[in-house]
>>> print(open('model-v1.cif').read())   # mmCIF, C-alpha atoms
data_protein
#
loop_
_atom_site.label_atom_id
_atom_site.label_comp_id
_atom_site.auth_asym_id
_atom_site.auth_seq_id
_atom_site.Cartn_x
_atom_site.Cartn_y
_atom_site.Cartn_z
CA MET V 28 8.48 19.70 -5.78
CA THR V 29 6.73 18.01 -2.89
CA CYS V 30 5.33 14.59 -3.64
CA ALA V 31 2.30 13.24 -1.79
CA ILE V 32 1.92 9.65 -0.71
CA GLY V 33 -1.56 8.35 0.03
CA VAL V 34 -1.78 5.29 2.26
CA MET V 35 -4.90 3.26 1.48
CA VAL V 36 -5.97 1.74 4.80
CA ARG V 37 -8.76 -0.64 5.75
CA ALA V 38 -9.36 -0.34 9.49
CA PRO V 39 -8.12 -3.41 11.41
CA SER V 40 -11.56 -3.81 13.03
CA ALA V 41 -13.27 -4.04 9.62
CA ALA V 42 -13.60 -7.17 7.52
CA GLY V 43 -10.52 -7.83 5.45
CA LYS V 44 -7.71 -10.26 4.63
CA THR V 45 -10.30 -12.99 4.10
CA ARG V 46 -7.73 -15.43 2.71
CA LEU V 47 -5.87 -15.31 6.04
CA ALA V 48 -9.01 -15.64 8.16
CA PRO V 49 -9.08 -19.48 8.11
CA ASP V 50 -5.54 -19.59 9.53
CA LEU V 51 -5.66 -16.88 12.21
CA SER V 52 -8.10 -16.03 14.96
CA ALA V 53 -10.00 -12.78 14.54
CA SER V 54 -7.91 -11.10 17.24
CA ARG V 55 -4.61 -12.31 15.80
CA LEU V 56 -5.61 -11.17 12.32
CA ALA V 57 -6.62 -7.73 13.61
CA SER V 58 -3.33 -7.38 15.48
CA LEU V 59 -1.38 -8.42 12.37
CA ARG V 60 -3.15 -5.79 10.30
CA THR V 61 -2.42 -3.21 13.01
CA ALA V 62 1.28 -4.18 12.98
CA LEU V 63 1.50 -3.97 9.19
CA LEU V 64 -0.12 -0.53 9.28
CA ALA V 65 2.24 0.64 12.01
CA ASP V 66 5.30 -0.43 10.02
CA THR V 67 3.99 1.28 6.88
CA LEU V 68 3.38 4.55 8.69
CA GLN V 69 6.71 4.34 10.51
CA MET V 70 8.45 4.08 7.14
CA ALA V 71 6.38 7.00 5.81
CA ALA V 72 7.22 9.13 8.85
CA GLY V 73 10.90 8.87 8.01
CA LEU V 74 10.52 10.21 4.47
CA THR V 75 11.77 13.68 3.57
CA GLY V 76 10.18 15.88 0.93
CA VAL V 77 7.02 13.76 0.97
CA ASP V 78 3.65 14.61 2.51
CA VAL V 79 1.56 11.70 3.80
CA VAL V 80 -2.25 11.45 3.72
CA VAL V 81 -4.08 8.39 5.10
CA PHE V 82 -7.23 7.29 3.24
CA VAL V 83 -9.46 5.16 5.46
CA THR V 84 -12.22 2.68 4.79
CA PRO V 85 -14.86 2.33 6.11
CA ALA V 86 -15.56 6.02 6.58
CA SER V 87 -16.81 5.41 10.11
CA ALA V 88 -13.34 4.15 11.13
CA VAL V 89 -11.35 7.36 10.56
CA SER V 90 -11.07 7.97 14.31
CA GLU V 91 -10.00 4.35 14.91
CA VAL V 92 -7.16 4.61 12.42
CA ALA V 93 -6.17 8.11 13.54
CA ALA V 94 -5.75 6.74 17.07
CA LEU V 95 -3.27 4.14 15.77
CA ILE V 96 -1.05 6.74 14.10
CA ALA V 97 1.81 7.96 16.25
CA ARG V 98 2.44 10.97 14.02
CA SER V 99 -0.34 13.37 13.09
CA PHE V 100 -0.91 12.50 9.44
CA PRO V 101 -4.14 13.81 7.90
CA CYS V 102 -6.81 11.08 7.77
CA THR V 103 -9.72 11.22 5.33
CA PRO V 104 -12.38 8.68 4.33
CA GLN V 105 -12.00 6.74 1.13
CA SER V 106 -14.77 7.20 -1.42
CA ASP V 107 -17.42 4.62 -2.21
CA GLY V 108 -17.01 2.06 -4.98
CA ASP V 109 -14.51 -0.63 -5.86
CA LEU V 110 -10.77 -0.28 -5.37
CA GLY V 111 -10.35 1.48 -8.71
CA ASP V 112 -13.03 4.05 -7.84
CA ARG V 113 -11.41 4.68 -4.47
CA MET V 114 -7.92 5.08 -5.91
CA ARG V 115 -9.18 7.44 -8.61
CA ALA V 116 -10.88 9.57 -5.95
CA ALA V 117 -7.72 9.57 -3.80
CA PHE V 118 -5.65 10.84 -6.74
CA GLU V 119 -8.24 13.53 -7.43
CA HIS V 120 -7.99 14.59 -3.79
CA LEU V 121 -4.18 14.78 -3.87
CA LEU V 122 -3.56 16.15 -7.36
CA CYS V 123 -6.63 18.35 -7.86
CA GLU V 124 -7.91 19.43 -4.45
CA ARG V 125 -4.52 19.60 -2.68
CA ALA V 126 -2.66 20.47 -5.91
CA TYR V 127 0.44 18.34 -5.39
CA ALA V 128 2.72 18.13 -8.40
CA ALA V 129 2.97 14.35 -8.05
CA ALA V 130 1.26 11.72 -5.95
CA MET V 131 1.38 8.01 -5.32
CA LEU V 132 -0.77 5.48 -3.49
CA ILE V 133 0.39 2.51 -1.46
CA GLY V 134 -1.32 -0.13 0.63
CA ALA V 135 -0.74 -0.80 4.32
CA ASP V 136 0.30 -4.45 4.01
CA ILE V 137 3.71 -4.25 2.31
CA PRO V 138 6.28 -4.99 5.02
CA PHE V 139 9.35 -4.45 2.81
CA LEU V 140 8.18 -1.22 1.21
CA SER V 141 11.12 1.11 1.75
CA ALA V 142 12.07 4.75 1.49
CA ALA V 143 14.13 3.76 -1.57
CA HIS V 144 10.98 2.54 -3.37
CA VAL V 145 9.19 5.82 -2.66
CA THR V 146 12.20 7.97 -3.57
CA ASP V 147 12.65 6.09 -6.85
CA ALA V 148 8.97 6.60 -7.69
CA CYS V 149 9.09 10.33 -6.84
CA HIS V 150 12.20 10.88 -8.94
CA SER V 151 10.62 9.08 -11.88
CA LEU V 152 7.45 11.17 -11.68
CA HIS V 153 9.32 14.46 -11.39
CA ALA V 154 11.67 13.56 -14.24
CA SER V 155 9.29 12.22 -16.83
CA GLY V 156 5.69 12.32 -15.61
CA GLY V 157 3.53 9.48 -16.86
CA ILE V 158 2.83 6.81 -14.29
CA VAL V 159 5.01 4.66 -12.08
CA LEU V 160 4.10 1.21 -10.77
CA GLY V 161 5.65 -1.01 -8.13
CA PRO V 162 5.06 -4.63 -9.18
CA ALA V 163 3.94 -7.09 -6.52
CA ASP V 164 4.94 -10.72 -6.73
CA ASP V 165 1.30 -11.85 -6.96
CA GLY V 166 0.76 -10.06 -10.30
CA GLY V 167 -0.69 -6.86 -8.88
CA TYR V 168 1.09 -3.71 -7.76
CA TYR V 169 1.90 -2.25 -4.36
CA LEU V 170 2.45 1.37 -5.53
CA VAL V 171 0.98 3.53 -8.27
CA GLY V 172 1.98 7.13 -8.91
CA MET V 173 1.13 9.88 -11.39
CA THR V 174 1.36 13.63 -11.94
CA GLN V 175 -2.14 14.05 -13.33
CA VAL V 176 -5.27 11.99 -12.86
CA HIS V 177 -5.46 9.21 -15.45
CA GLY V 178 -8.82 7.85 -14.34
CA GLY V 179 -9.01 5.34 -17.18
CA LEU V 180 -6.11 3.47 -15.64
CA PHE V 181 -8.55 1.93 -13.16
CA ASP V 182 -11.36 0.99 -15.55
CA ARG V 183 -12.24 -2.64 -16.28
CA ILE V 184 -9.61 -4.06 -13.94
CA GLU V 185 -10.44 -7.31 -12.14
CA TRP V 186 -9.00 -6.42 -8.76
CA GLY V 187 -7.42 -9.17 -6.72
CA ASN V 188 -6.28 -11.45 -9.52
CA ALA V 189 -2.88 -12.16 -11.04
CA THR V 190 -3.40 -9.96 -14.13
CA VAL V 191 -3.87 -6.60 -12.39
CA LEU V 192 -0.42 -5.25 -13.29
CA ALA V 193 -0.57 -6.51 -16.88
CA ASP V 194 -4.10 -5.14 -17.33
CA THR V 195 -3.02 -1.79 -15.89
CA LEU V 196 -0.05 -1.59 -18.26
CA ARG V 197 -2.39 -2.30 -21.16
CA ALA V 198 -4.72 0.45 -19.93
CA ALA V 199 -1.79 2.88 -19.80
CA ASP V 200 -0.88 1.94 -23.36
CA ARG V 201 -4.45 2.58 -24.52
CA LEU V 202 -4.35 5.98 -22.81
CA GLY V 203 -1.01 6.81 -24.41
CA VAL V 204 0.61 7.24 -20.98
CA GLY V 205 4.20 6.18 -20.39
CA ALA V 206 4.67 3.70 -17.55
CA ARG V 207 7.81 2.91 -15.58
CA LEU V 208 8.26 -0.01 -13.18
CA ILE V 209 10.28 0.17 -9.97
CA GLY V 210 11.51 -2.75 -7.85
CA HIS V 211 9.38 -5.75 -6.89
CA THR V 212 8.19 -6.66 -3.42
CA TYR V 213 5.20 -8.48 -1.96
CA ASP V 214 2.17 -7.88 0.20
CA ILE V 215 0.56 -10.15 2.77
CA ASP V 216 -2.64 -11.86 1.66
CA THR V 217 -2.23 -15.57 2.41
CA ILE V 218 -0.71 -17.84 5.00
CA GLU V 219 2.03 -18.65 2.48
CA ASP V 220 2.87 -14.92 2.29
CA LEU V 221 3.01 -14.79 6.08
CA ARG V 222 5.34 -17.79 6.30
CA ARG V 223 7.55 -16.26 3.62
CA LEU V 224 7.66 -13.01 5.58
CA GLU V 225 8.73 -14.79 8.75
CA ARG V 226 11.58 -16.52 6.89
CA ASP V 227 12.68 -13.30 5.20
CA LEU V 228 12.65 -11.30 8.43
CA ALA V 229 14.99 -13.83 10.03
CA ALA V 230 17.62 -13.06 7.39
CA ILE V 231 17.67 -9.23 7.43
CA ARG V 232 18.30 -6.29 9.76
CA LEU V 233 16.28 -6.14 12.96
CA ASP V 234 15.11 -2.56 12.34
CA ILE V 235 13.04 -3.59 9.31
CA ALA V 236 9.33 -4.18 10.01
CA PRO V 237 9.74 -4.04 13.81
CA ASN V 238 6.03 -4.17 14.59
CA VAL V 239 5.45 -7.29 12.52
CA ARG V 240 8.54 -8.85 14.08
CA ARG V 241 6.97 -8.20 17.47
CA TRP V 242 3.71 -9.75 16.23
CA PHE V 243 5.53 -12.98 15.35
CA THR V 244 7.20 -13.04 18.77
CA GLU V 245 3.88 -12.54 20.51
CA SER V 246 2.42 -15.33 18.39
CA GLU V 247 5.16 -17.72 19.42
CA ASN V 248 4.90 -16.82 23.08
CA GLY V 249 1.12 -16.52 23.18
#
>>> encode(input="model-v1.cif", output="structure tokens")
Amino acid sequence: MTCAIGVMVRAPSAAGKTRLAPDLSASRLASLRTALLADTLQMAAGLTGVDVVVFVTPASAVSEVAALIARSFPCTPQSDGDLGDRMRAAFEHLLCERAYAAAMLIGADIPFLSAAHVTDACHSLHASGGIVLGPADDGGYYLVGMTQVHGGLFDRIEWGNATVLADTLRAADRLGVGARLIGHTYDIDTIEDLRRLERDLAAIRLDIAPNVRRWFTESENG
């Protein structure tokens, strides 16, 4: 069974990463977001048995994001509404309109998201259904997957705070949906996250997150 992975992307030219804005110039922040997106899509391009769809916000930036993608992944606008509304609509697109047997959503700011994370999530969904979540170190999640649309999973969640994962697990329990967690990683929201990333990159293989590595080098030399 083919699994779909939806990449939820905010265009680098659009407002975003506001907690990093005080520490980086607008151009440096935009180039960081571009590098994070490039690494995410490079990882996705290497997956087998997985179809990739890129969901873009704002809708007017679909062509901007499409121009940044080396491989021809389908790009479609995200829906209106808060993050929960947009994720629910993305799952409806993948599971109902495109009729994939399983689907997951990821962000575009998770430098250590790996093929192993995605494969683990796909195997879990195909084996037992329910939902799968990838916990982020800040209390949220970097990946969510399901085999049918459980729209209530996204109701009454206070997005952006440290209880998102716990609140989502409680929502799954209320819905009677089994939830499985895969390995932890972290996304990049603050200058502390960015400093952590630079330290971590120095200790691992050079082929991991090459575009962000290049961004750090440009920062040092610029």
>>> atom_distance(input="model-v1.cif", atom1="CA of Leu196 in chain V", atom2="CA of Thr84 in chain V")
26.4 Å
>>> resolve_selection(input="model-v1.cif", expression="the PyMOL selection byres ((chain V and resi 136-152) around 9)", output="VMD selection string")
chain V and resid 29 to 32 36 60 63 to 64 66 to 67 70 to 71 73 to 74 77 129 to 131 133 to 135 153 to 161 169 to 174 207 to 210 212 to 216 224 235 to 236 239
>>> residues_around(input="model-v1.cif", residues="Ser54 in chain V", least_positions_apart="2", cutoff="12 Å", atoms="all atoms listed in the file", output="JSON, numbers by chain")
{"V": [39, 40, 41, 42, 48, 50, 51, 52, 56, 57, 58, 59, 60, 61, 242, 246]}
>>> closest_residue(input="model-v1.cif", among="V:Asp165, V:Gly111, V:Ala72, V:Ser99", to="Asp220 in chain V", atoms="all atoms listed in the file")
V:Asp165
>>> closest_residue(input="model-v1.cif", among="V:Val191, V:Ala62, V:Ala126, V:Leu110", to="Gln175 in chain V", atoms="only C-alpha atoms")
V:Ala126
>>> atom_distance(input="model-v1.cif", atom1="CA of Ser106 in chain V", atom2="CA of Asp78 in chain V")
20.2 Å
>>> closest_residue(input="model-v1.cif", among="V:Arg37, V:Lys44, V:Arg113, V:Arg55", to="Ala88 in chain V", atoms="only C-alpha atoms")
V:Arg37
>>> residues_near_point(input="model-v1.cif", point="(-2.8, -16.8, 4.7)", cutoff="6 Å", atoms="only C-alpha atoms", output="ChimeraX atom specification")
/V:46-47,216-219
>>> atom_distance(input="model-v1.cif", atom1="CA of Leu121 in chain V", atom2="CA of Asp182 in chain V")
19.4 Å
>>> closest_residue(input="model-v1.cif", among="V:Gln69, V:Thr103, V:Thr195, V:Thr244", to="Gly33 in chain V", atoms="all atoms listed in the file")
V:Thr103
>>> decode(input="model-v1.cif", residues="range 95-144 of chain V", atoms="N, CA and C atoms", output="PDB file, in the first residue's frame")
ATOM      1  N   LEU V  95      11.138  26.343  -5.741  1.00  0.00           N
ATOM      2  CA  LEU V  95      12.210  25.931  -4.843  1.00  0.00           C
ATOM      3  C   LEU V  95      12.400  24.417  -4.805  1.00  0.00           C
ATOM      4  N   ILE V  96      11.487  23.674  -5.407  1.00  0.00           N
ATOM      5  CA  ILE V  96      11.495  22.218  -5.316  1.00  0.00           C
ATOM      6  C   ILE V  96      12.230  21.648  -6.516  1.00  0.00           C
ATOM      7  N   ALA V  97      13.318  20.938  -6.240  1.00  0.00           N
ATOM      8  CA  ALA V  97      14.109  20.375  -7.333  1.00  0.00           C
ATOM      9  C   ALA V  97      13.346  19.276  -8.059  1.00  0.00           C
ATOM     10  N   ARG V  98      12.591  18.487  -7.309  1.00  0.00           N
ATOM     11  CA  ARG V  98      11.819  17.401  -7.905  1.00  0.00           C
ATOM     12  C   ARG V  98      10.368  17.854  -8.049  1.00  0.00           C
ATOM     13  N   SER V  99       9.683  17.332  -9.016  1.00  0.00           N
ATOM     14  CA  SER V  99       8.334  17.818  -9.335  1.00  0.00           C
ATOM     15  C   SER V  99       7.279  17.172  -8.437  1.00  0.00           C
ATOM     16  N   PHE V 100       7.242  17.592  -7.173  1.00  0.00           N
ATOM     17  CA  PHE V 100       6.178  17.157  -6.281  1.00  0.00           C
ATOM     18  C   PHE V 100       4.932  18.004  -6.537  1.00  0.00           C
ATOM     19  N   PRO V 101       3.740  17.410  -6.440  1.00  0.00           N
ATOM     20  CA  PRO V 101       2.527  18.216  -6.556  1.00  0.00           C
ATOM     21  C   PRO V 101       2.478  19.266  -5.440  1.00  0.00           C
ATOM     22  N   CYS V 102       2.098  20.484  -5.783  1.00  0.00           N
ATOM     23  CA  CYS V 102       1.934  21.569  -4.811  1.00  0.00           C
ATOM     24  C   CYS V 102       0.477  22.027  -4.840  1.00  0.00           C
ATOM     25  N   THR V 103      -0.112  22.175  -3.678  1.00  0.00           N
ATOM     26  CA  THR V 103      -1.504  22.616  -3.592  1.00  0.00           C
ATOM     27  C   THR V 103      -1.644  23.582  -2.426  1.00  0.00           C
ATOM     28  N   PRO V 104      -2.553  24.553  -2.499  1.00  0.00           N
ATOM     29  CA  PRO V 104      -2.704  25.491  -1.386  1.00  0.00           C
ATOM     30  C   PRO V 104      -3.272  24.810  -0.150  1.00  0.00           C
ATOM     31  N   GLN V 105      -2.827  25.258   1.013  1.00  0.00           N
ATOM     32  CA  GLN V 105      -3.472  24.858   2.245  1.00  0.00           C
ATOM     33  C   GLN V 105      -4.832  25.547   2.333  1.00  0.00           C
ATOM     34  N   SER V 106      -5.717  24.997   3.136  1.00  0.00           N
ATOM     35  CA  SER V 106      -7.034  25.598   3.325  1.00  0.00           C
ATOM     36  C   SER V 106      -6.916  26.819   4.234  1.00  0.00           C
ATOM     37  N   ASP V 107      -8.021  27.497   4.441  1.00  0.00           N
ATOM     38  CA  ASP V 107      -8.076  28.580   5.416  1.00  0.00           C
ATOM     39  C   ASP V 107      -8.217  27.988   6.820  1.00  0.00           C
ATOM     40  N   GLY V 108      -8.088  28.858   7.824  1.00  0.00           N
ATOM     41  CA  GLY V 108      -8.293  28.432   9.198  1.00  0.00           C
ATOM     42  C   GLY V 108      -7.002  28.276   9.971  1.00  0.00           C
ATOM     43  N   ASP V 109      -7.124  27.802  11.218  1.00  0.00           N
ATOM     44  CA  ASP V 109      -5.931  27.604  12.036  1.00  0.00           C
ATOM     45  C   ASP V 109      -5.214  26.331  11.605  1.00  0.00           C
ATOM     46  N   LEU V 110      -4.136  26.009  12.290  1.00  0.00           N
ATOM     47  CA  LEU V 110      -3.332  24.851  11.890  1.00  0.00           C
ATOM     48  C   LEU V 110      -4.153  23.572  11.889  1.00  0.00           C
ATOM     49  N   GLY V 111      -5.015  23.406  12.897  1.00  0.00           N
ATOM     50  CA  GLY V 111      -5.855  22.214  12.940  1.00  0.00           C
ATOM     51  C   GLY V 111      -6.776  22.110  11.747  1.00  0.00           C
ATOM     52  N   ASP V 112      -7.398  23.230  11.362  1.00  0.00           N
ATOM     53  CA  ASP V 112      -8.273  23.238  10.182  1.00  0.00           C
ATOM     54  C   ASP V 112      -7.493  22.852   8.935  1.00  0.00           C
ATOM     55  N   ARG V 113      -6.280  23.374   8.826  1.00  0.00           N
ATOM     56  CA  ARG V 113      -5.484  23.131   7.622  1.00  0.00           C
ATOM     57  C   ARG V 113      -4.993  21.687   7.567  1.00  0.00           C
ATOM     58  N   MET V 114      -4.642  21.121   8.717  1.00  0.00           N
ATOM     59  CA  MET V 114      -4.225  19.715   8.721  1.00  0.00           C
ATOM     60  C   MET V 114      -5.407  18.791   8.427  1.00  0.00           C
ATOM     61  N   ARG V 115      -6.550  19.101   9.002  1.00  0.00           N
ATOM     62  CA  ARG V 115      -7.743  18.286   8.716  1.00  0.00           C
ATOM     63  C   ARG V 115      -8.034  18.291   7.215  1.00  0.00           C
ATOM     64  N   ALA V 116      -7.984  19.462   6.599  1.00  0.00           N
ATOM     65  CA  ALA V 116      -8.251  19.563   5.161  1.00  0.00           C
ATOM     66  C   ALA V 116      -7.198  18.812   4.343  1.00  0.00           C
ATOM     67  N   ALA V 117      -5.938  18.855   4.791  1.00  0.00           N
ATOM     68  CA  ALA V 117      -4.881  18.129   4.069  1.00  0.00           C
ATOM     69  C   ALA V 117      -5.124  16.623   4.130  1.00  0.00           C
ATOM     70  N   PHE V 118      -5.535  16.116   5.295  1.00  0.00           N
ATOM     71  CA  PHE V 118      -5.849  14.695   5.394  1.00  0.00           C
ATOM     72  C   PHE V 118      -7.055  14.337   4.524  1.00  0.00           C
ATOM     73  N   GLU V 119      -8.048  15.189   4.488  1.00  0.00           N
ATOM     74  CA  GLU V 119      -9.200  14.922   3.620  1.00  0.00           C
ATOM     75  C   GLU V 119      -8.767  14.853   2.162  1.00  0.00           C
ATOM     76  N   HIS V 120      -7.857  15.724   1.778  1.00  0.00           N
ATOM     77  CA  HIS V 120      -7.349  15.728   0.402  1.00  0.00           C
ATOM     78  C   HIS V 120      -6.632  14.408   0.096  1.00  0.00           C
ATOM     79  N   LEU V 121      -5.778  13.959   1.021  1.00  0.00           N
ATOM     80  CA  LEU V 121      -4.966  12.762   0.762  1.00  0.00           C
ATOM     81  C   LEU V 121      -5.758  11.470   0.894  1.00  0.00           C
ATOM     82  N   LEU V 122      -6.577  11.374   1.945  1.00  0.00           N
ATOM     83  CA  LEU V 122      -7.266  10.115   2.225  1.00  0.00           C
ATOM     84  C   LEU V 122      -8.597   9.979   1.505  1.00  0.00           C
ATOM     85  N   CYS V 123      -9.279  11.098   1.266  1.00  0.00           N
ATOM     86  CA  CYS V 123     -10.598  11.039   0.623  1.00  0.00           C
ATOM     87  C   CYS V 123     -10.519  11.344  -0.869  1.00  0.00           C
ATOM     88  N   GLU V 124      -9.943  12.487  -1.221  1.00  0.00           N
ATOM     89  CA  GLU V 124      -9.891  12.868  -2.637  1.00  0.00           C
ATOM     90  C   GLU V 124      -8.893  12.024  -3.416  1.00  0.00           C
ATOM     91  N   ARG V 125      -7.702  11.813  -2.867  1.00  0.00           N
ATOM     92  CA  ARG V 125      -6.685  11.015  -3.567  1.00  0.00           C
ATOM     93  C   ARG V 125      -6.739   9.534  -3.198  1.00  0.00           C
ATOM     94  N   ALA V 126      -7.486   9.196  -2.165  1.00  0.00           N
ATOM     95  CA  ALA V 126      -7.776   7.811  -1.778  1.00  0.00           C
ATOM     96  C   ALA V 126      -6.536   6.991  -1.424  1.00  0.00           C
ATOM     97  N   TYR V 127      -5.570   7.620  -0.749  1.00  0.00           N
ATOM     98  CA  TYR V 127      -4.451   6.847  -0.229  1.00  0.00           C
ATOM     99  C   TYR V 127      -4.926   6.000   0.947  1.00  0.00           C
ATOM    100  N   ALA V 128      -4.282   4.859   1.133  1.00  0.00           N
ATOM    101  CA  ALA V 128      -4.648   3.979   2.244  1.00  0.00           C
ATOM    102  C   ALA V 128      -4.161   4.525   3.577  1.00  0.00           C
ATOM    103  N   ALA V 129      -3.095   5.314   3.551  1.00  0.00           N
ATOM    104  CA  ALA V 129      -2.541   5.913   4.764  1.00  0.00           C
ATOM    105  C   ALA V 129      -1.866   7.214   4.376  1.00  0.00           C
ATOM    106  N   ALA V 130      -1.845   8.152   5.307  1.00  0.00           N
ATOM    107  CA  ALA V 130      -1.219   9.441   5.033  1.00  0.00           C
ATOM    108  C   ALA V 130      -0.644  10.008   6.316  1.00  0.00           C
ATOM    109  N   MET V 131       0.363  10.833   6.155  1.00  0.00           N
ATOM    110  CA  MET V 131       0.930  11.546   7.294  1.00  0.00           C
ATOM    111  C   MET V 131       1.282  12.963   6.867  1.00  0.00           C
ATOM    112  N   LEU V 132       1.369  13.846   7.846  1.00  0.00           N
ATOM    113  CA  LEU V 132       1.754  15.233   7.622  1.00  0.00           C
ATOM    114  C   LEU V 132       3.000  15.538   8.432  1.00  0.00           C
ATOM    115  N   ILE V 133       3.892  16.299   7.821  1.00  0.00           N
ATOM    116  CA  ILE V 133       5.086  16.774   8.519  1.00  0.00           C
ATOM    117  C   ILE V 133       5.230  18.265   8.249  1.00  0.00           C
ATOM    118  N   GLY V 134       6.050  18.924   9.063  1.00  0.00           N
ATOM    119  CA  GLY V 134       6.413  20.303   8.798  1.00  0.00           C
ATOM    120  C   GLY V 134       7.668  20.367   7.944  1.00  0.00           C
ATOM    121  N   ALA V 135       8.111  21.583   7.672  1.00  0.00           N
ATOM    122  CA  ALA V 135       9.299  21.774   6.834  1.00  0.00           C
ATOM    123  C   ALA V 135      10.436  22.394   7.629  1.00  0.00           C
ATOM    124  N   ASP V 136      10.445  22.176   8.952  1.00  0.00           N
ATOM    125  CA  ASP V 136      11.475  22.776   9.801  1.00  0.00           C
ATOM    126  C   ASP V 136      12.030  21.760  10.795  1.00  0.00           C
ATOM    127  N   ILE V 137      12.172  20.506  10.343  1.00  0.00           N
ATOM    128  CA  ILE V 137      12.615  19.419  11.210  1.00  0.00           C
ATOM    129  C   ILE V 137      13.900  18.839  10.613  1.00  0.00           C
ATOM    130  N   PRO V 138      15.050  19.411  10.918  1.00  0.00           N
ATOM    131  CA  PRO V 138      16.270  19.039  10.199  1.00  0.00           C
ATOM    132  C   PRO V 138      16.685  17.588  10.361  1.00  0.00           C
ATOM    133  N   PHE V 139      16.316  16.934  11.471  1.00  0.00           N
ATOM    134  CA  PHE V 139      16.721  15.549  11.684  1.00  0.00           C
ATOM    135  C   PHE V 139      15.597  14.560  11.418  1.00  0.00           C
ATOM    136  N   LEU V 140      14.534  15.000  10.766  1.00  0.00           N
ATOM    137  CA  LEU V 140      13.523  14.063  10.300  1.00  0.00           C
ATOM    138  C   LEU V 140      14.172  13.147   9.262  1.00  0.00           C
ATOM    139  N   SER V 141      14.017  11.848   9.443  1.00  0.00           N
ATOM    140  CA  SER V 141      14.723  10.890   8.599  1.00  0.00           C
ATOM    141  C   SER V 141      13.767   9.933   7.906  1.00  0.00           C
ATOM    142  N   ALA V 142      14.305   9.224   6.920  1.00  0.00           N
ATOM    143  CA  ALA V 142      13.530   8.185   6.258  1.00  0.00           C
ATOM    144  C   ALA V 142      13.083   7.131   7.260  1.00  0.00           C
ATOM    145  N   ALA V 143      13.894   6.875   8.291  1.00  0.00           N
ATOM    146  CA  ALA V 143      13.523   5.878   9.301  1.00  0.00           C
ATOM    147  C   ALA V 143      12.267   6.305  10.057  1.00  0.00           C
ATOM    148  N   HIS V 144      12.140   7.603  10.386  1.00  0.00           N
ATOM    149  CA  HIS V 144      10.922   8.084  11.040  1.00  0.00           C
ATOM    150  C   HIS V 144       9.693   7.804  10.169  1.00  0.00           C
TER     151      HIS V 144
END
